[in-house]
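Take a look at the structure set out below.
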Amino acid sequence: MKVTDSGQSPPVQPAVTVKTEKSSATQADPRKSSTASRSASDNAQRIQSLFARAGIGHNMILPDEAARQQAIKRRNDILALSRIKNLQAIMDVALSVSLTETSNEPVDPDWFYAFSRLAENIHSPAMQGLWGKIFAVEVSKPGAFSLRTLETLKVLTQRDAAMFSKAASLSCLRQGDTVPRLITGYHRKPGFWRLFGHRQPEGVNLAAYGLSYPDLLALIDMKLIFASEIESGELPVSESIKWRCGSDTFTVTPSGQGLAFVYYKFTSTGAELARLITRHSASAYVDALKQRLSQAFIIE
């Protein structure tokens with residue numbers, strides 16, 4: 001079949017206008033861009049300010065040996081003055097601490113020089129306060145704090161101290177003992193509990209009262225708390241045990257045989273530091289602990 005052209009042009013299609021979206025960069029809110037710019041500028045100023053405290057300036061030009069020696073001397077002078085100011089601040093705190101005890105026994109010279117060597121690098125006012133309290137207590141009672149405790153304290157940050165303060169606030173002291181414990185509950189000995197297929201009672205959830213499991217692991221890593229829960233020996237029936245948790249004092253008496261406390265125990269370093277930490281009220285935790293223990297103990 002032969003196809004012939006009709007001679008008519010095909011209909012003209014209407015022009016299609018294509019809208020192009022502006023890039024997100026051009027649509028960006030100028031206010032957000034301005035805020036980001038200010039944030040970057042603020043961060044840069046903070047960075048330069050912090051390094052200036054260590055004697056380091058931005059784009060320092062050290063063209064020759066004289067300039068380099070001058071920069072080194074300036075940095076050393078700044079650091080030396082900073083260490084002096086740190087020790088002065090700690091001494092001021094120690095002088096402000098009011099203690100009733102006193103001792104004629106001198107502070108061990110090696111302890112003092114170890115203390116001053118570590119304390120001169122403590123810059124945070126909050127941590128300087130803690131170091132000042134330690135020194136005041138050590139003067140009134142030499143041997144109260146070990147060098148191991150000072151080494152541990154040296155690496156604690158303000159956040160670490162706040163975390164430890166929370167743990168100390170939740171801890172309890174047994175009458176006649178100096179080592180705090182984070183009591184989570186109790187267990188029954190196997191012969192009286194598992195024989196009938198019962199599960200051990202659940203403990204108090206410390207995370208519900210501000211001490212999360214990661215916090216607990218961090219304190220364990222800092223050697224302030226022992227690494228695992230401890231089960232006490234079997235408690236004698238009808239023998240009352242007096243506990244002090246913060247400002248609350250109560251007596252616990254086992255109502256049956258085979259009962260044992262379950263707790264996290266502070267290390268010797270943790271126990272030493274706990275004496276200085278400001279504790280906060282933990283009445284909600286104490287109420288929950290009493291309620292849990294009342295299932296197997298007489299609480300008075």
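FYI, nothing fancy with the structure tokens labels: chains A, B, ... in order, residues from 1 per chain, ligands from 1 as they appear.
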
Please identify the helix (DSSP H, G or I) residues within stretch 105-177 of chain A (assignment by DSSP from backbone atoms) and present them as a ChimeraX atom specification.
/A:109-119,125-140,147-154,158-170

Across A:Glu239, A:Glu202, A:Asp64, A:Glu151, the smallest distance to A:Lys223, with only C-alpha atoms counted, is shown by A:Glu151

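Proximity of A:Glu234, A:Asp215, A:Asp248, A:Asp221 to A:Lys189, computed with only C-alpha atoms, is greatest for A:Glu234.
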
Enumerate, as a ChimeraX atom specification, the complete set of residues in stretch 13-248 of chain A that a backbone-based DSSP assignment places in strand (DSSP E or B).
/A:172-174,181-188,225,230-231,241-245,248

Contact residues around A:Met163 with only C-alpha atoms at 9 Å, ignoring same-chain residues under 6 positions, as number ranges by chain:
A: 210-211, 215-216, 218-219

For A:Lys242, list every protein, DNA or RNA residue within 7 Å, evaluated using only C-alpha atoms, and leave out those in the same chain fewer than 2 positions away; present the list as a PyMOL selection string.
chain A and resi 174-175+240+244+250-252

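Among A:Pro125, A:Gly246, A:Pro236, A:Gly270, the residue with the shortest atom-to-atom distance to A:Ser169, counting only C-alpha atoms, is A:Gly246.
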
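Between atom CA of A:Ala89 and atom CA of A:Gln128 there is a distance of 6.9 Å.
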
A:Ile220 surroundings by only C-alpha atoms, 12 Å radius, close-in-sequence under 3 positions cut, as a PyMOL selection string
chain A and resi 160+163-164+167+213-217+223-229+264-267+269-270

Can you pull out the residues contacting stretch 139-141 of chain A? Cut-off 7 Å, using only C-alpha atoms, and skip same-chain residues under 6 positions away; I want them as a PyMOL selection string.
chain A and resi 101-103+107

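Minimum atom-to-atom distance to A:Ser255, evaluated using only C-alpha atoms, belongs to A:Ala296 out of A:Ala114, A:Ile230, A:Val179, A:Ala296.
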
Atom CA of A:Ala168 sits from atom CA of A:Leu273 at a separation of 9.2 Å

Polymer residues at most 9 Å from A:Arg53, only C-alpha atoms, same-chain spacing of 3 or more positions, as a PyMOL selection string:
chain A and resi 48-50+56+75+78-79+82

Separation of atom CA of A:Val137 from atom CA of A:Glu105 in Å:
12.8 Å
